[in-house]
>>> print(open('coords-v6.cif').read())   # mmCIF, C-alpha atoms
data_protein
loop_
_atom_site.label_atom_id
_atom_site.label_comp_id
_atom_site.auth_asym_id
_atom_site.auth_seq_id
_atom_site.Cartn_x
_atom_site.Cartn_y
_atom_site.Cartn_z
CA MET P 1 -85.51 41.50 -50.64
CA SER P 2 -87.96 42.63 -53.34
CA ILE P 3 -91.72 41.95 -53.19
CA THR P 4 -94.21 42.94 -55.88
CA ARG P 5 -97.09 45.25 -55.04
CA GLN P 6 -99.41 42.50 -56.29
CA ASP P 7 -98.12 40.22 -53.52
CA LEU P 8 -98.58 43.00 -50.99
CA PHE P 9 -102.16 43.50 -52.14
CA THR P 10 -102.80 39.76 -51.85
CA ILE P 11 -101.55 39.82 -48.25
CA LEU P 12 -103.77 42.84 -47.53
CA SER P 13 -106.81 41.09 -48.96
CA SER P 14 -106.31 38.10 -46.67
CA GLY P 15 -106.55 40.30 -43.58
CA ASP P 16 -109.45 42.08 -41.87
CA ASP P 17 -111.81 44.52 -43.56
CA ASP P 18 -110.42 47.51 -41.66
CA ILE P 19 -107.56 49.03 -43.63
CA GLU P 20 -105.51 49.89 -40.54
CA ASP P 21 -105.73 46.30 -39.31
CA GLN P 22 -104.83 45.12 -42.81
CA PHE P 23 -101.63 47.16 -42.82
CA LYS P 24 -100.70 45.99 -39.31
CA PHE P 25 -101.07 42.44 -40.56
CA LEU P 26 -99.06 43.31 -43.68
CA LYS P 27 -96.26 44.82 -41.60
CA GLY P 28 -95.99 41.69 -39.47
CA GLU P 29 -95.90 39.41 -42.49
CA ILE P 30 -93.23 41.44 -44.30
CA LYS P 31 -91.10 41.62 -41.17
CA LYS P 32 -91.39 37.87 -40.78
CA ARG P 33 -90.53 37.13 -44.41
CA THR P 34 -87.57 39.48 -44.60
CA GLN P 35 -86.34 38.68 -41.06
CA CYS P 36 -85.66 42.38 -40.81
CA PRO P 37 -83.23 43.26 -38.00
CA GLU P 38 -84.19 45.93 -35.48
CA SER P 39 -81.62 48.30 -36.92
CA ASN P 40 -83.50 48.38 -40.26
CA VAL P 41 -87.09 48.52 -38.97
CA ASN P 42 -87.33 52.25 -39.73
CA ASP P 43 -86.45 51.66 -43.39
CA LEU P 44 -89.06 48.91 -43.61
CA ASN P 45 -91.72 51.19 -42.08
CA LYS P 46 -90.89 53.98 -44.53
CA ALA P 47 -91.31 51.66 -47.52
CA LEU P 48 -94.64 50.35 -46.20
CA ASN P 49 -95.95 53.83 -45.37
CA TYR P 50 -95.14 55.03 -48.89
CA PHE P 51 -96.94 52.01 -50.34
CA LYS P 52 -99.86 52.67 -47.98
CA SER P 53 -100.33 56.26 -49.16
CA GLN P 54 -100.16 55.25 -52.83
CA PHE P 55 -102.51 52.32 -52.30
CA ARG P 56 -105.11 54.46 -50.53
CA SER P 57 -105.31 57.02 -53.30
CA ARG P 58 -105.55 54.36 -56.02
CA TRP P 59 -108.03 52.29 -54.00
CA LEU P 60 -110.33 55.29 -53.49
CA LYS P 61 -110.00 56.22 -57.16
CA ALA P 62 -111.25 52.73 -58.04
CA HIS P 63 -114.22 53.30 -55.67
CA ARG P 64 -112.96 50.42 -53.52
CA MET P 65 -113.83 47.92 -56.21
CA GLN P 66 -111.23 45.17 -56.42
CA GLU P 67 -111.85 44.23 -60.05
CA ARG P 68 -111.55 47.82 -61.24
CA PHE P 69 -108.53 48.43 -59.00
CA LEU P 70 -106.67 45.46 -60.47
CA LYS P 71 -107.53 46.47 -64.03
CA ASP P 72 -106.51 50.14 -63.70
CA ASN P 73 -103.29 49.48 -61.76
CA ARG P 74 -101.91 46.43 -63.52
CA ASP P 75 -98.54 48.01 -64.29
CA TRP P 76 -98.23 49.58 -60.85
CA LEU P 77 -99.00 46.28 -59.12
CA GLY P 78 -96.44 44.45 -61.25
CA ALA P 79 -93.56 46.58 -59.96
CA SER P 80 -91.54 45.51 -56.93
CA ILE P 81 -90.58 47.21 -53.67
CA LEU P 82 -87.19 46.58 -52.10
CA PHE P 83 -87.30 45.80 -48.38
CA PRO P 84 -84.30 45.50 -46.05
CA ARG P 85 -83.56 42.02 -44.76
CA SER P 86 -81.07 40.37 -42.44
CA GLN P 87 -77.76 39.54 -44.05
CA LYS P 88 -75.46 36.78 -42.93
CA ARG P 89 -71.98 37.91 -42.09
CA ARG P 90 -69.47 36.80 -44.68
CA GLY P 91 -66.01 35.47 -44.03
CA ARG P 92 -64.70 33.30 -41.23
CA PRO P 93 -66.66 33.26 -37.97
CA GLU P 94 -65.05 35.26 -35.21
CA THR P 95 -63.06 33.14 -32.77
CA SER P 96 -63.52 33.72 -29.07
CA PHE P 97 -60.67 35.37 -27.19
CA VAL P 98 -59.81 32.20 -25.25
CA PHE P 99 -59.18 30.16 -28.40
CA SER P 100 -57.47 32.97 -30.34
CA ALA P 101 -53.80 32.82 -31.24
CA GLU P 102 -51.28 34.74 -29.16
CA ARG P 103 -50.79 37.31 -31.91
CA THR P 104 -54.55 37.89 -32.14
CA LYS P 105 -54.80 38.33 -28.37
CA ARG P 106 -52.05 40.95 -28.44
CA HIS P 107 -53.85 42.79 -31.24
CA LYS P 108 -57.23 42.72 -29.47
CA THR P 109 -55.78 44.00 -26.21
CA SER P 110 -53.40 46.58 -27.67
CA GLU P 111 -55.77 49.53 -27.21
CA LEU P 112 -56.70 48.39 -23.71
CA ARG P 113 -53.05 48.12 -22.69
CA LYS P 114 -52.21 51.52 -24.16
CA SER P 115 -55.11 53.39 -22.58
CA THR P 116 -55.25 51.65 -19.18
CA PRO P 117 -52.53 51.94 -16.51
CA LEU P 118 -50.84 48.76 -15.33
CA ALA P 119 -52.11 49.19 -11.77
CA VAL P 120 -55.72 49.29 -13.01
CA LEU P 121 -55.25 46.19 -15.17
CA SER P 122 -53.64 44.34 -12.27
CA TYR P 123 -56.40 45.27 -9.85
CA ALA P 124 -59.12 44.35 -12.36
CA THR P 125 -57.45 40.95 -12.82
CA GLN P 126 -57.40 40.40 -9.07
CA MET P 127 -61.09 41.24 -8.70
CA SER P 128 -62.08 39.05 -11.67
CA LEU P 129 -60.19 36.09 -10.26
CA ARG P 130 -61.74 36.58 -6.85
CA ALA P 131 -65.23 36.91 -8.33
CA SER P 132 -64.76 33.63 -10.23
CA GLY P 133 -63.78 31.82 -7.02
CA LYS P 134 -60.01 31.80 -7.62
CA ALA P 135 -59.00 33.59 -4.44
CA GLN P 136 -55.51 32.08 -4.24
CA ALA P 137 -54.68 33.14 -7.80
CA SER P 138 -55.93 36.63 -6.95
CA LYS P 139 -53.56 36.79 -3.96
CA VAL P 140 -50.62 35.70 -6.12
CA ILE P 141 -51.31 38.50 -8.62
CA GLN P 142 -51.64 40.97 -5.77
CA GLU P 143 -48.33 40.01 -4.18
CA ILE P 144 -46.42 39.89 -7.46
CA THR P 145 -47.61 43.33 -8.55
CA THR P 146 -47.22 44.98 -5.13
CA SER P 147 -44.04 46.89 -4.42
CA PRO P 148 -41.59 45.40 -1.88
CA LYS P 149 -42.04 48.37 0.47
CA SER P 150 -45.81 47.88 0.61
CA LEU P 151 -45.41 44.19 1.34
CA ARG P 152 -42.85 44.86 4.05
CA ALA P 153 -45.13 47.43 5.66
CA SER P 154 -48.00 44.93 5.71
CA GLY P 155 -45.85 42.33 7.49
CA LYS P 156 -45.12 40.15 4.43
CA ALA P 157 -41.35 40.27 4.67
CA GLN P 158 -40.72 37.05 2.74
CA ALA P 159 -42.96 38.10 -0.14
CA SER P 160 -41.21 41.47 -0.11
CA LYS P 161 -37.82 39.78 -0.50
CA VAL P 162 -39.10 37.67 -3.39
CA ILE P 163 -40.48 40.70 -5.25
CA GLN P 164 -37.33 42.69 -4.56
CA GLU P 165 -35.07 39.93 -5.85
CA ILE P 166 -37.17 39.45 -8.98
CA THR P 167 -37.37 43.15 -9.81
CA THR P 168 -33.73 43.96 -9.07
CA SER P 169 -32.10 41.03 -10.86
CA PRO P 170 -33.38 39.70 -14.21
CA LYS P 171 -31.36 36.51 -13.73
CA ARG P 172 -33.19 35.78 -10.51
CA ALA P 173 -36.51 35.96 -12.35
CA ILE P 174 -35.20 33.33 -14.76
CA LYS P 175 -34.15 31.16 -11.82
CA TYR P 176 -37.61 31.42 -10.28
CA ARG P 177 -39.20 30.38 -13.57
CA LYS P 178 -36.84 27.43 -13.93
CA ALA P 179 -37.50 26.36 -10.35
CA TYR P 180 -41.25 26.50 -10.88
CA LYS P 181 -40.94 24.56 -14.12
CA LYS P 182 -38.80 21.94 -12.41
CA VAL P 183 -41.32 21.47 -9.60
CA PHE P 184 -44.19 21.31 -12.09
CA GLU P 185 -42.46 18.70 -14.23
CA SER P 186 -41.52 16.63 -11.19
CA GLU P 187 -45.16 16.59 -10.11
CA GLN P 188 -46.17 15.47 -13.57
CA ARG P 189 -43.63 12.63 -13.45
CA GLN P 190 -44.48 11.60 -9.89
CA MET P 191 -44.94 7.85 -9.64
CA LEU P 192 -48.24 6.43 -8.48
CA SER P 193 -48.30 4.81 -5.09
CA GLY P 194 -48.88 1.08 -4.83
CA GLU P 195 -52.43 1.63 -3.60
CA ASP P 196 -53.30 4.06 -6.41
CA ALA P 197 -51.87 1.74 -9.05
CA LEU P 198 -53.72 -1.22 -7.52
CA ALA P 199 -56.97 0.76 -7.53
CA MET P 200 -56.46 1.55 -11.22
CA LEU P 201 -55.79 -2.11 -12.00
CA VAL P 202 -58.94 -3.23 -10.17
CA ASP P 203 -61.18 -0.50 -11.62
CA ALA P 204 -60.00 -1.20 -15.17
CA LYS P 205 -60.07 -4.98 -14.61
CA LEU P 206 -56.55 -5.32 -15.96
CA SER P 207 -54.58 -8.52 -16.00
CA ARG P 208 -50.94 -8.59 -14.94
CA HIS P 209 -49.83 -8.74 -18.58
CA GLN P 210 -51.98 -5.73 -19.51
CA TYR P 211 -50.58 -3.73 -16.60
CA GLU P 212 -47.01 -4.59 -17.58
CA VAL P 213 -47.68 -3.41 -21.15
CA ILE P 214 -49.01 -0.07 -19.86
CA ARG P 215 -46.07 0.29 -17.48
CA LYS P 216 -43.57 -0.11 -20.32
CA LYS P 217 -44.96 3.05 -21.91
CA ALA P 218 -44.45 5.10 -18.73
CA PRO P 219 -42.16 3.33 -16.24
CA GLU P 220 -41.59 6.60 -14.37
CA LYS P 221 -45.34 6.83 -13.68
CA PHE P 222 -46.34 3.26 -12.81
CA PRO P 223 -44.59 1.15 -10.14
CA SER P 224 -43.58 -2.46 -10.70
CA TYR P 225 -46.11 -5.22 -10.26
CA LYS P 226 -44.33 -6.38 -7.10
CA VAL P 227 -45.27 -3.09 -5.44
CA LEU P 228 -48.90 -3.80 -6.32
CA GLN P 229 -48.63 -7.26 -4.80
CA VAL P 230 -47.38 -5.77 -1.53
CA ALA P 231 -50.23 -3.24 -1.55
CA LYS P 232 -52.67 -6.05 -2.23
CA GLN P 233 -51.42 -8.06 0.75
CA GLU P 234 -52.02 -5.05 2.98
CA CYS P 235 -55.70 -5.21 2.05
CA TYR P 236 -56.09 -8.57 3.86
CA PRO P 237 -56.21 -9.27 7.61
CA LYS P 238 -53.32 -11.11 9.23
CA SER P 239 -52.71 -14.54 7.76
CA ASP P 240 -53.05 -16.32 11.11
CA CYS P 241 -56.66 -15.08 11.30
CA ILE P 242 -57.59 -16.72 8.01
CA LYS P 243 -58.44 -20.41 7.91
CA VAL P 244 -58.85 -22.11 4.56
CA THR P 245 -59.76 -25.75 4.06
CA SER P 246 -60.77 -27.80 1.07
CA THR P 247 -64.42 -27.01 1.72
CA SER P 248 -64.50 -23.60 3.44
CA ALA P 249 -62.75 -20.31 4.19
CA GLU P 250 -63.12 -18.49 7.51
CA VAL P 251 -61.96 -15.12 8.79
CA SER P 252 -62.29 -13.95 12.36
CA LEU P 253 -64.79 -11.10 12.72
CA GLN P 254 -62.55 -9.31 15.20
CA ALA P 255 -59.65 -9.53 12.75
CA LEU P 256 -61.80 -7.95 10.02
CA LEU P 257 -62.84 -5.11 12.33
CA ASP P 258 -59.28 -4.51 13.50
CA HIS P 259 -58.00 -4.48 9.94
CA THR P 260 -60.75 -2.10 8.80
CA MET P 261 -59.96 0.26 11.66
CA ASN P 262 -56.23 0.19 10.95
CA ARG P 263 -56.80 0.98 7.28
CA LEU P 264 -59.08 3.91 8.10
CA ILE P 265 -56.56 5.35 10.54
CA SER P 266 -53.70 4.92 8.05
CA VAL P 267 -55.61 6.98 5.49
CA GLN P 268 -56.05 9.77 8.06
CA GLN P 269 -52.61 9.34 9.62
CA ARG P 270 -51.71 13.01 9.24
CA VAL P 271 -54.84 14.10 11.11
CA VAL P 272 -54.28 11.52 13.84
CA ASN P 273 -50.69 12.65 14.37
CA GLU P 274 -51.82 16.23 14.92
CA LEU P 275 -54.19 15.20 17.72
CA ASN P 276 -53.14 14.85 21.33
CA ASN P 277 -53.44 11.43 22.93
CA ALA P 278 -56.06 12.79 25.30
CA GLU P 279 -58.21 13.88 22.37
CA LEU P 280 -57.87 10.63 20.44
CA GLN P 281 -60.93 8.48 21.04
CA VAL P 282 -62.14 6.35 18.15
CA VAL P 283 -65.33 4.29 18.11
CA LEU P 284 -66.03 1.91 15.24
CA VAL P 285 -69.73 1.46 14.50
CA TYR P 286 -70.64 -1.40 12.20
CA GLN P 287 -73.70 -3.33 11.09
CA MET P 288 -74.03 -6.99 10.19
CA GLY P 289 -76.60 -8.57 7.96
CA PHE P 290 -77.27 -10.42 4.76
#
>>> encode(input="coords-v6.cif", output="structure tokens")
Amino acid sequence: MSITRQDLFTILSSGDDDIEDQFKFLKGEIKKRTQCPESNVNDLNKALNYFKSQFRSRWLKAHRMQERFLKDNRDWLGASILFPRSQKRRGRPETSFVFSAERTKRHKTSELRKSTPLAVLSYATQMSLRASGKAQASKVIQEITTSPKSLRASGKAQASKVIQEITTSPKRAIKYRKAYKKVFESEQRQMLSGEDALAMLVDAKLSRHQYEVIRKKAPEKFPSYKVLQVAKQECYPKSDCIKVTSTSAEVSLQALLDHTMNRLISVQQRVVNELNNAELQVVLVYQMGF
């Protein structure tokens, strides 16, 4: 960025009377205008110091009289000084590693993979996963990259067999990958339970027709509407506890409490089954009001 000496003199004149303070003010203004990066500050200081020495000699020669100084140095003031400034990087912006293509990732990590042993990379991956809260993933990396003998010595016989089978037979590694893929795909295609599908229908305020339209797009994911009707019936107390007339509808309070308790226990059925009968003592606390 080029600035004429006349402009520099104008900036100096707008500052304090002390020449040192004037040049401090000038330096700040030029740095602000050029947005000079820290790497080029030395070049900017050199240009200003050279201008300062020339200005002092010419200013003293003019006996510190502005009118005479401007008249005698008209040509000198009309020339420009080139100052360094920040430059925007040209070309496409650099993409982060996460969103880079596979080929770019291989290129960026080529030097790291060549210069760093596999054991170091594996251990660094384990520690990074653990530091980010992914302890289970860290253990998987550790077991996969550990030799079968080390696993067997640490009491992990099953993991040792898995590693041994993978490393000794390439076909077995393919089988493990296919098995994992099969389990993953089956989980993705797993059908919703009647209760989950009913909850979705209620939350989205869907009609029966709307639900049937959605189910046609993914019949392996959504159960039939009859399953939802059965799940809906399970949300009510027993029918003999409900009395409906032309003017009123009544439900026994005890039936509501029993039904609520049964539903809560059914949700935690696995926990209840693991408890001994002597330990199982459930108290339902409720509050009534309007």
>>> residues_near_point(input="coords-v6.cif", point="(-99.2, 35.8, -42.7)", cutoff="12 Å", atoms="all atoms listed in the file", output="list in words")
Asp7, Leu8, Thr10, Ile11, Leu12, Ser13, Ser14, Gly15, Gln22, Phe23, Lys24, Phe25, Leu26, Lys27, Gly28, Glu29, Ile30, Lys31, Lys32 and Arg33 of chain P
>>> residues_around(input="coords-v6.cif", residues="stretch 226-235 of chain P", least_positions_apart="2", cutoff="8 Å", atoms="all atoms listed in the file", output="ChimeraX atom specification")
/P:194-195,197-198,223-224,237
>>> resolve_selection(input="coords-v6.cif", expression="the PyMOL selection byres ((chain P and resi 254-266) around 10)", output="mmCIF file with C-alpha atoms, in the coordinates of the input")
data_model
loop_
_atom_site.group_PDB
_atom_site.id
_atom_site.type_symbol
_atom_site.label_atom_id
_atom_site.label_comp_id
_atom_site.auth_asym_id
_atom_site.auth_seq_id
_atom_site.Cartn_x
_atom_site.Cartn_y
_atom_site.Cartn_z
ATOM 1 C CA GLU P 234 -52.020 -5.050 2.980
ATOM 2 C CA CYS P 235 -55.700 -5.210 2.050
ATOM 3 C CA TYR P 236 -56.090 -8.570 3.860
ATOM 4 C CA PRO P 237 -56.210 -9.270 7.610
ATOM 5 C CA LYS P 238 -53.320 -11.110 9.230
ATOM 6 C CA SER P 239 -52.710 -14.540 7.760
ATOM 7 C CA ASP P 240 -53.050 -16.320 11.110
ATOM 8 C CA CYS P 241 -56.660 -15.080 11.300
ATOM 9 C CA ILE P 242 -57.590 -16.720 8.010
ATOM 10 C CA VAL P 251 -61.960 -15.120 8.790
ATOM 11 C CA SER P 252 -62.290 -13.950 12.360
ATOM 12 C CA LEU P 253 -64.790 -11.100 12.720
ATOM 13 C CA VAL P 267 -55.610 6.980 5.490
ATOM 14 C CA GLN P 268 -56.050 9.770 8.060
ATOM 15 C CA GLN P 269 -52.610 9.340 9.620
ATOM 16 C CA ARG P 270 -51.710 13.010 9.240
ATOM 17 C CA VAL P 271 -54.840 14.100 11.110
ATOM 18 C CA VAL P 272 -54.280 11.520 13.840
ATOM 19 C CA VAL P 282 -62.140 6.350 18.150
ATOM 20 C CA VAL P 283 -65.330 4.290 18.110
ATOM 21 C CA LEU P 284 -66.030 1.910 15.240
ATOM 22 C CA VAL P 285 -69.730 1.460 14.500
ATOM 23 C CA TYR P 286 -70.640 -1.400 12.200
#
>>> atom_distance(input="coords-v6.cif", atom1="atom CA of P:Leu60", atom2="atom CA of P:Phe83")
25.4 Å
>>> axis_aligned_box(input="coords-v6.cif", around="stretch 211-219 of chain P", padding_each_side="6 Å", output="JSON")
{"center_x": -46.4, "center_y": 0.3, "center_z": -19.1, "size_x": 20.4, "size_y": 21.7, "size_z": 17.7}
>>> resolve_selection(input="coords-v6.cif", expression="the PyMOL selection byres ((chain P and resi 41) around 12)", output="PDB file with C-alpha atoms, in the coordinates of the input")
ATOM      1  CA  LYS P  27     -96.260  44.820 -41.600  1.00  0.00           C
ATOM      2  CA  GLY P  28     -95.990  41.690 -39.470  1.00  0.00           C
ATOM      3  CA  ILE P  30     -93.230  41.440 -44.300  1.00  0.00           C
ATOM      4  CA  LYS P  31     -91.100  41.620 -41.170  1.00  0.00           C
ATOM      5  CA  LYS P  32     -91.390  37.870 -40.780  1.00  0.00           C
ATOM      6  CA  THR P  34     -87.570  39.480 -44.600  1.00  0.00           C
ATOM      7  CA  GLN P  35     -86.340  38.680 -41.060  1.00  0.00           C
ATOM      8  CA  CYS P  36     -85.660  42.380 -40.810  1.00  0.00           C
ATOM      9  CA  PRO P  37     -83.230  43.260 -38.000  1.00  0.00           C
ATOM     10  CA  GLU P  38     -84.190  45.930 -35.480  1.00  0.00           C
ATOM     11  CA  SER P  39     -81.620  48.300 -36.920  1.00  0.00           C
ATOM     12  CA  ASN P  40     -83.500  48.380 -40.260  1.00  0.00           C
ATOM     13  CA  ASN P  42     -87.330  52.250 -39.730  1.00  0.00           C
ATOM     14  CA  ASP P  43     -86.450  51.660 -43.390  1.00  0.00           C
ATOM     15  CA  LEU P  44     -89.060  48.910 -43.610  1.00  0.00           C
ATOM     16  CA  ASN P  45     -91.720  51.190 -42.080  1.00  0.00           C
ATOM     17  CA  LYS P  46     -90.890  53.980 -44.530  1.00  0.00           C
ATOM     18  CA  ALA P  47     -91.310  51.660 -47.520  1.00  0.00           C
ATOM     19  CA  LEU P  48     -94.640  50.350 -46.200  1.00  0.00           C
ATOM     20  CA  PHE P  83     -87.300  45.800 -48.380  1.00  0.00           C
ATOM     21  CA  PRO P  84     -84.300  45.500 -46.050  1.00  0.00           C
ATOM     22  CA  ARG P  85     -83.560  42.020 -44.760  1.00  0.00           C
ATOM     23  CA  SER P  86     -81.070  40.370 -42.440  1.00  0.00           C
TER      24      SER P  86
END
>>> residues_around(input="coords-v6.cif", residues="P:Pro219", least_positions_apart="4", cutoff="12 Å", atoms="all atoms listed in the file", output="JSON, numbers by chain")
{"P": [189, 190, 191, 192, 211, 212, 213, 214, 215, 223, 224, 225]}
>>> residues_around(input="coords-v6.cif", residues="stretch 120-122 of chain P", least_positions_apart="4", cutoff="8 Å", atoms="all atoms listed in the file", output="list in words")
Thr116, Gln126, Ile141, Gln142 and Thr145 of chain P
>>> atom_distance(input="coords-v6.cif", atom1="atom CA of P:Ala119", atom2="atom CA of P:Gly133")
21.5 Å
>>> atom_distance(input="coords-v6.cif", atom1="atom CA of P:Glu67", atom2="atom CA of P:Ser2")
24.9 Å
